Amino acid sequence: MSDETPNPTRGSIRERGPFRNPGWAGNTGEFDLTEDQVRGDDFVGERPLDGGHPSGSPTFPYMLADKDPEAPLFEGPYAQRFEKIRSRYPDAQAALLPALNLAQELRGHVSPETMREVGEMLGLSDAYVRGVATFYTMYNKRPVGRYLIQVCTNISCNLCGGDEVLEAFLAATETELGQISEDGFFTVMEVECLAACGFPTAVQINSRYYENVTPADVPDILARLREEGA
Amino acid sequence: MAYPYTHEKETRVLSRGFGDPATRTLAGWKALEGYEGLRKALGMSREEVVETVKSSGLRGRGGAGFPTGVKWSFMPKEKKGPHYLCCNADESEPGTFKDRELLRWTPHQVIEGCLIGAYAMQAEHVYIYCRGEFFEAVQVLAKALEEAYAANLVGEDILGSGVSIDVTIHSGAGAYICGEETALMNSLEGRRGLPRIKPPFPAAVGAFGKPTTINNVETLAAIPHILRHGGEWYRQWGTERSPGTKLFCVSGHVKLPGNYELPLGFPMKELIYDVCGGFHEGRSLKAVIPGGSSVPLMNAEECESCTLDYEGVVKAGSMLGCASVIVMDDTANVVKQVRRMVDFYAHESCGQCTPCREGTQWTARILKRIETGKGTEEDLDTLLELGVQMTGTTICVLSDSAAAPVASSIAKFRDDYLALIRRGERVGAA
């Protein structure tokens, strides 16, 4: 609707200052925690590529900017992680989702060829793996940019301007939904509720959450990513 | 002022560590008497643990509100093979954002709850099914779990008790439906997340065909406190039928949205106007969705005397669900928001049942038509008729969840629909 009253919730209520605490749920500038403390990075430290303790190996902890669509499945520390994953489930089939996660972590997306390879490793048919992989939205069926920007436009974020944040990201990256920007850096997508509804608009960029994002924050966020990924 | 907003009317039991990085660590959690509940549980018989949880009256926090102790008692007493406990951390109901906070600020609280539950139900393996998007929270949880393994709080012969329990964090890959307990088990087994027909119930035939119980993160996070202090202690808050405290996730058009831990039975008006600071200047309450996007909308009148406990919200014409209070002021376009919610359900329908697969898509298309001024009054009747056919006719309740906001919004905000339809007709005639 073009004649909709502009939503007053954004900006005006919290009197947001400069973009200080990305990811800090609240971002009101009244808290003295560092970004590392907010995200838990100070506690987690660097998680090893082999997945560390087997209890956490089936998780999907990394979404890397560097992707290698030709990376072998799986070698070195990744082979160890794959074995740890297998050891946590009573059968091979249950390791399918974590194994696909692992493949996507390395390759950036899950191609039909990747599905076939993973299926072979677990003794599952190509058709079965494809049926499962296409059911879940987090498996990128096509390559994405170095940074996958996923903007929540579901109800709570939508009430507070999620649609405009999505527009701002698309405009700033000069892309259409799902496209890779010309410099290969960004892909912008719409995502369903990210479970950060109290801190709208919620945006997930690779493995990080950015909360309380307004259209005005978009240039700062992109500049930061360009710097990180340079 | 602490994380990110707090209020003096809160009772912070589960959320005590929110905003304090120290609580993440084993030492920090122990400083808050962490793992005392586990120690106490291991000194009791399994039946005593279940009885304690029963006596607390704790009800499942994932939406259905089923008494947790009773659910636990459905597990077979005699063990014939492996038992499993799944912690449901696939938080994806629009409006809900409590589980992520519990995981990333108080991971040991969740782990301790899992261990007590596993002990009570003789489960040797706990799977914490986290939604795939929770990269950051999951890393915190994995680190905490590593600490717990190193301290012999998880694994073989826990604290010399002879009890062995493994815990594994499992990441999903993006599917709302996997929050439904039987779909979660299918997903855990490496299948598509398709809900299963019940019976058999998970306590009889669950994950990997074995007896399984699925509990929400917030439910399990309450368990250590109940074990430490007893069931009666937990009943000091809340109402007779809805005891205890609950994390209320408030989002939308209030000044201070966030997670607030309050006793159940708290008045809704006090939550919106007092705890959350009310509305922006000159705005007023239009609609509230009290339990996440799956429950009927409430209008301002219904909110007047509504109390936030399972029974109180039903009395006021909706459901408490997982206490995700989405607030809309008078600037909100109700039709657009309902359409957005239905789009979500259409996207997330697993496609097994025809009323849901087709019904959510049709509903979404009709709503879009109305929103863009191309609708007719008959469309409203079609929507209501569709809603009837989508309710109670499918394996799980996703279809019912899509129909609830449509039917309730047409009943309570019919003028909003008519305004769009009439304006569209005028534009069309001109």
# chains A, B, ... in the order shown; residues from 1 in each chain; ligands from 1
>>> residues_around(residues="A:Asp66", least_positions_apart="4", cutoff="10 Å", atoms="only C-alpha atoms", output="list in words")
Glu105, Leu106, Arg107, Gly108, Gly145, Arg146, Tyr147 and Gly229 of chain A
>>> write_last_selection(atoms="C-alpha atoms", output="PDB file, in the first residue's frame")
ATOM      1  CA  GLU A 105      30.403 -25.100   4.713  1.00  0.00           C
ATOM      2  CA  LEU A 106      33.244 -26.062   2.389  1.00  0.00           C
ATOM      3  CA  ARG A 107      31.661 -25.506  -0.998  1.00  0.00           C
ATOM      4  CA  GLY A 108      29.216 -22.684  -0.294  1.00  0.00           C
ATOM      5  CA  GLY A 145      28.124 -14.347  -2.849  1.00  0.00           C
ATOM      6  CA  ARG A 146      30.826 -14.190  -0.208  1.00  0.00           C
ATOM      7  CA  TYR A 147      28.260 -12.744   2.156  1.00  0.00           C
ATOM      8  CA  GLY A 229      36.274  -9.634   3.084  1.00  0.00           C
TER       9      GLY A 229
END
>>> interface_residues(of="chain A", to="chain B", cutoff="6 Å", atoms="only C-alpha atoms", output="compact mmCIF listing (two decimals) with N, CA and C atoms, in the first residue's frame")
# COMPACT_ATOMS: atom_id res chain seq x y z
N GLY A 26 19.38 -5.14 21.35
CA GLY A 26 19.10 -3.92 22.11
C GLY A 26 19.72 -2.75 21.39
N VAL A 44 33.80 -18.66 23.34
CA VAL A 44 33.98 -19.79 22.41
C VAL A 44 35.43 -19.89 21.93
N SER A 55 30.56 -34.01 20.67
CA SER A 55 29.18 -33.61 21.00
C SER A 55 28.73 -32.40 20.17
N GLY A 56 29.69 -31.58 19.77
CA GLY A 56 29.33 -30.39 19.01
C GLY A 56 29.65 -30.50 17.53
N PRO A 58 28.32 -32.23 15.04
CA PRO A 58 27.27 -32.16 14.02
C PRO A 58 26.67 -30.78 13.82
N THR A 59 27.15 -29.79 14.54
CA THR A 59 26.57 -28.46 14.37
C THR A 59 27.11 -27.81 13.10
N PRO A 61 28.63 -24.72 12.54
CA PRO A 61 29.08 -23.49 13.18
C PRO A 61 29.72 -22.49 12.24
N GLN A 93 22.04 -42.80 8.06
CA GLN A 93 21.10 -41.86 7.47
C GLN A 93 20.97 -40.58 8.31
N ALA A 94 21.03 -40.74 9.64
CA ALA A 94 20.86 -39.59 10.52
C ALA A 94 21.98 -38.58 10.35
N LEU A 96 22.95 -37.49 7.62
CA LEU A 96 22.79 -36.82 6.32
C LEU A 96 22.76 -35.29 6.44
N LEU A 97 21.91 -34.79 7.34
CA LEU A 97 21.82 -33.33 7.44
C LEU A 97 23.15 -32.71 7.87
N VAL A 132 15.64 -34.96 0.30
CA VAL A 132 15.85 -34.34 1.61
C VAL A 132 16.45 -32.94 1.44
N TYR A 136 14.87 -28.54 2.64
CA TYR A 136 15.37 -27.56 3.62
C TYR A 136 15.89 -26.31 2.92
N THR A 137 15.49 -25.15 3.48
CA THR A 137 15.81 -23.90 2.79
C THR A 137 17.26 -23.45 2.97
N MET A 138 17.94 -23.95 4.00
CA MET A 138 19.29 -23.43 4.22
C MET A 138 20.33 -24.00 3.28
N SER A 156 6.87 -9.64 12.96
CA SER A 156 7.38 -8.69 13.95
C SER A 156 8.35 -7.70 13.32
N LEU A 159 6.34 -5.33 10.91
CA LEU A 159 5.65 -4.23 11.59
C LEU A 159 6.59 -3.06 11.80
N CYS A 193 11.13 -15.80 9.81
CA CYS A 193 11.46 -15.41 11.19
C CYS A 193 12.78 -16.00 11.72
N ALA A 195 13.89 -15.60 14.83
CA ALA A 195 13.82 -15.70 16.28
C ALA A 195 14.61 -14.59 16.96
N ALA A 196 14.47 -13.38 16.44
CA ALA A 196 15.05 -12.21 17.10
C ALA A 196 14.04 -11.07 17.02
N CYS A 197 12.75 -11.44 17.21
CA CYS A 197 11.63 -10.53 16.92
C CYS A 197 11.61 -9.28 17.78
N GLY A 198 12.24 -9.33 18.94
CA GLY A 198 12.23 -8.17 19.81
C GLY A 198 13.24 -7.12 19.39
N SER A 207 27.26 -16.29 9.22
CA SER A 207 26.85 -16.89 10.48
C SER A 207 26.47 -15.87 11.54
>>> select_by_dssp(residues="stretch 197-374 of chain B", states="strand (DSSP E)", output="MDAnalysis selection string")
chainID B and resid 212:216 245:252 258:263 266:267 285:289 298:299 307:308 324:329
>>> select_by_dssp(residues="stretch 97-169 of chain B", states="alpha helix (DSSP H)", output="number ranges by chain")
B: 99-105, 107-120, 135-150
>>> atom_distance(atom1="atom CA of B:Gly179", atom2="atom CA of A:Ser87")
24.6 Å
>>> closest_residue(among="A:Tyr210, A:Phe185, A:Phe74, A:Tyr128", to="A:Ala230", atoms="only C-alpha atoms")
A:Phe185
>>> residues_around(residues="A:Gly162", least_positions_apart="5", cutoff="12 Å", atoms="only C-alpha atoms", output="ChimeraX atom specification")
/A:7,9-10,150-157,167-169,190-193,197,199-203,211-215 /B:252,337,340
>>> atom_distance(atom1="atom CA of B:Lys246", atom2="atom CA of B:Leu38")
21.6 Å
>>> atom_distance(atom1="atom CA of B:His7", atom2="atom CA of B:Gly277")
10.1 Å
